[in-house]
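K.L.:
Here's a structure for you.
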Protein chains: 2
Amino acid sequence: MKELQERIVQDGKVLSASVLKVDAFLNHQVDPQLTMKIGQRFAELFAGENITKVVTIEASGIHFAMATSFALGVPFIYAKKKKAVTLTEEVYSAPVHSFTRQETYQISVSRQYLSKEDRVLIVDDFLATGAALVGLTNIVKDAGAHLVGVGAVIEKSFQEGRGLLEQAGVRIESLARIESMSPEGIHFIEEEPARV
Amino acid sequence: MKELQERIVQDGKVLSASVLKVDAFLNHQVDPQLTMKIGQRFAELFAGENITKVVTIEASGIHFAMATSFALGVPFIYAKKKKAVTLTEEVYSAPVHSFTRQETYQISVSRQYLSKEDRVLIVDDFLATGAALVGLTNIVKDAGAHLVGVGAVIEKSFQEGRGLLEQAGVRIESLARIESMSPEGIHFIEEEPARV
């Protein structure tokens, strides 16, 4: 997505070869107009898939799930993060390891809101190590729902997330795929996802 | 907001005289169409106020801030919650006491994104004890910005939040004001906010 890539170049800050700060427009201060376009783009890419639910994780996936589900005309669900393992019969749950914080937390979704009739699109801000997204795919699997695919706003293609999801046969659409980056510049894999 | 009140009656669950569960359509599974209407309503109520930023707290305020800021055509900011007090020069920060969890956490907003030129609308899902919203008003004050008002999706009018904010001279618009509730029913103060 050209507009997104240009915005990353303009307002993103590459702090190191692996850390990209986008809190000026994506995940602290947010540009809602750009976010709505991102949601529309995901809706176009997965059109015809008869999606019934969009699923994400709190907090930084919420506005992208909101925009995508609005464009698709279906509800979205945000998985809750908990440090404590308070598993109950009432939720689907999966462990997620945070490499940044060096800790494992639980994500959970109420069983009431996902079932085997659902066709699910997972959306998140970043696809990097894939830890959070793999956790979400496990929740979708536990619910017996059909996973249509994963939409990531920004993909750090030099990390292992895409490989992990592809191994599991998951369709991935990332709107900006970063092959490499440094404070001197960002190299994107291609302007538009291959399927378009 | 009539549609919201009807939806609360239809899909909300009153667990006790003070606990209302709305996770079927507002804060776990979310109806994006209703959320967009909520945002448009806040934008109408605060029209003419020349708002430059919408501010909320992660996680459950994010989609309402997204919808409101989209309708207003301005950015939104979601304050981050941290348990640890990692204050730096780079953020405005305020303590918030959670009565549910019996703990105090810090909320913070990067200094880069709020300044004395800003006219701020604060938006959140619930106005109850007012703890989180008072914390946000303190951050806006620290930034030297002008607080235009607070928009709450649901107000538990039997709790102290409204009183605390009114004492501080803050304009409050709540889209559903609950005077009292029990598993037998919910009593709303009025169908529409008084100013309309």
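Within each chain, counting starts at residue 1; across the structure tokens, chains are named A, B, ... in the order shown, with ligands numbered 1 upward in that order.
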Determine which residues of region 46-104 of chain A receive a DSSP assignment of strand (DSSP E or B), computed from the backbone, and state them as JSON, numbers by chain.

P.N.:
{"A": [53, 54, 55, 56, 57, 76, 77, 78, 79, 80, 81, 82, 91, 92, 93, 94, 95, 96, 97, 98, 103, 104]}

K.L.:
For the alpha helix (DSSP H) assignment from backbone DSSP, which residues of chain A qualify? Please present them as a ChimeraX atom specification.

P.N.:
/A:2-11,32-45,62-72,131-142,161-167

K.L.:
Based on only C-alpha atoms, which of the residues in chain A come within 10 Å of chain B? I want them as number ranges by chain.

P.N.:
A: 23-36, 53-55, 57-80, 109-110, 112-114

K.L.:
Quick one: everything within 7 Å of Ser16 (chain B), counting only C-alpha atoms, minus sequence neighbours fewer than 3 positions away in the same chain. Send it as a list in words.

P.N.:
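Counting only C-alpha atoms, the residues come to Val19, Ser182 and Pro183 of chain B.
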
K.L.:
Measure the distance from CA of Leu45 (chain A) to CA of Val120 (chain A) in Å and round it to one decimal.

P.N.:
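Separation of CA of Leu45 (chain A) and CA of Val120 (chain A): 13.9 Å.
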
K.L.:
In Å, rounded to a single decimal, give me how far CA of Ile107 (chain B) is from CA of Leu4 (chain B).

P.N.:
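It comes out at 28.4 Å.
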
K.L.:
Please provide the set of residues having any atom within 10 Å of Leu20 (chain A), restricted to only C-alpha atoms, with same-chain residues fewer than 2 positions apart removed, written as a list in words.

P.N.:
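The filter keeps Ile8, Gly12, Lys13, Val14, Leu15, Ser16, Ala17, Ser18, Val22, Asp23, Ile154, Lys156, Met181, Ser182, Pro183 and Ile186 of chain A.
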
K.L.:
Near Ser115 (chain A), within 10 Å and counting only C-alpha atoms, which residues show up once chain neighbours fewer than 6 positions away are dropped, as a ChimeraX atom specification?

P.N.:
/A:140-146

K.L.:
If I take CA of Glu90 (chain B) and CA of Asn50 (chain B), how far is one from the other in Å, to one decimal?

P.N.:
26.6 Å

K.L.:
Quick one: residues within 8 Å of Val170 (chain A), only C-alpha atoms, excluding same-chain residues fewer than 2 positions away - as an mmCIF file with C-alpha atoms, in the first residue's frame?

P.N.:
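Just written: around_5.cif:
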data_model
loop_
_atom_site.group_PDB
_atom_site.id
_atom_site.type_symbol
_atom_site.label_atom_id
_atom_site.label_comp_id
_atom_site.auth_asym_id
_atom_site.auth_seq_id
_atom_site.Cartn_x
_atom_site.Cartn_y
_atom_site.Cartn_z
ATOM 1 C CA LEU A 147 -9.070 -19.150 9.409
ATOM 2 C CA VAL A 148 -9.326 -17.166 6.184
ATOM 3 C CA GLY A 149 -5.979 -15.435 6.668
ATOM 4 C CA VAL A 150 -3.887 -12.858 8.451
ATOM 5 C CA LEU A 165 2.500 -18.758 9.479
ATOM 6 C CA GLU A 166 3.247 -19.968 5.938
ATOM 7 C CA GLN A 167 4.396 -23.323 7.319
ATOM 8 C CA ALA A 168 0.966 -23.594 8.899
ATOM 9 C CA ILE A 172 -0.799 -13.584 4.749
#
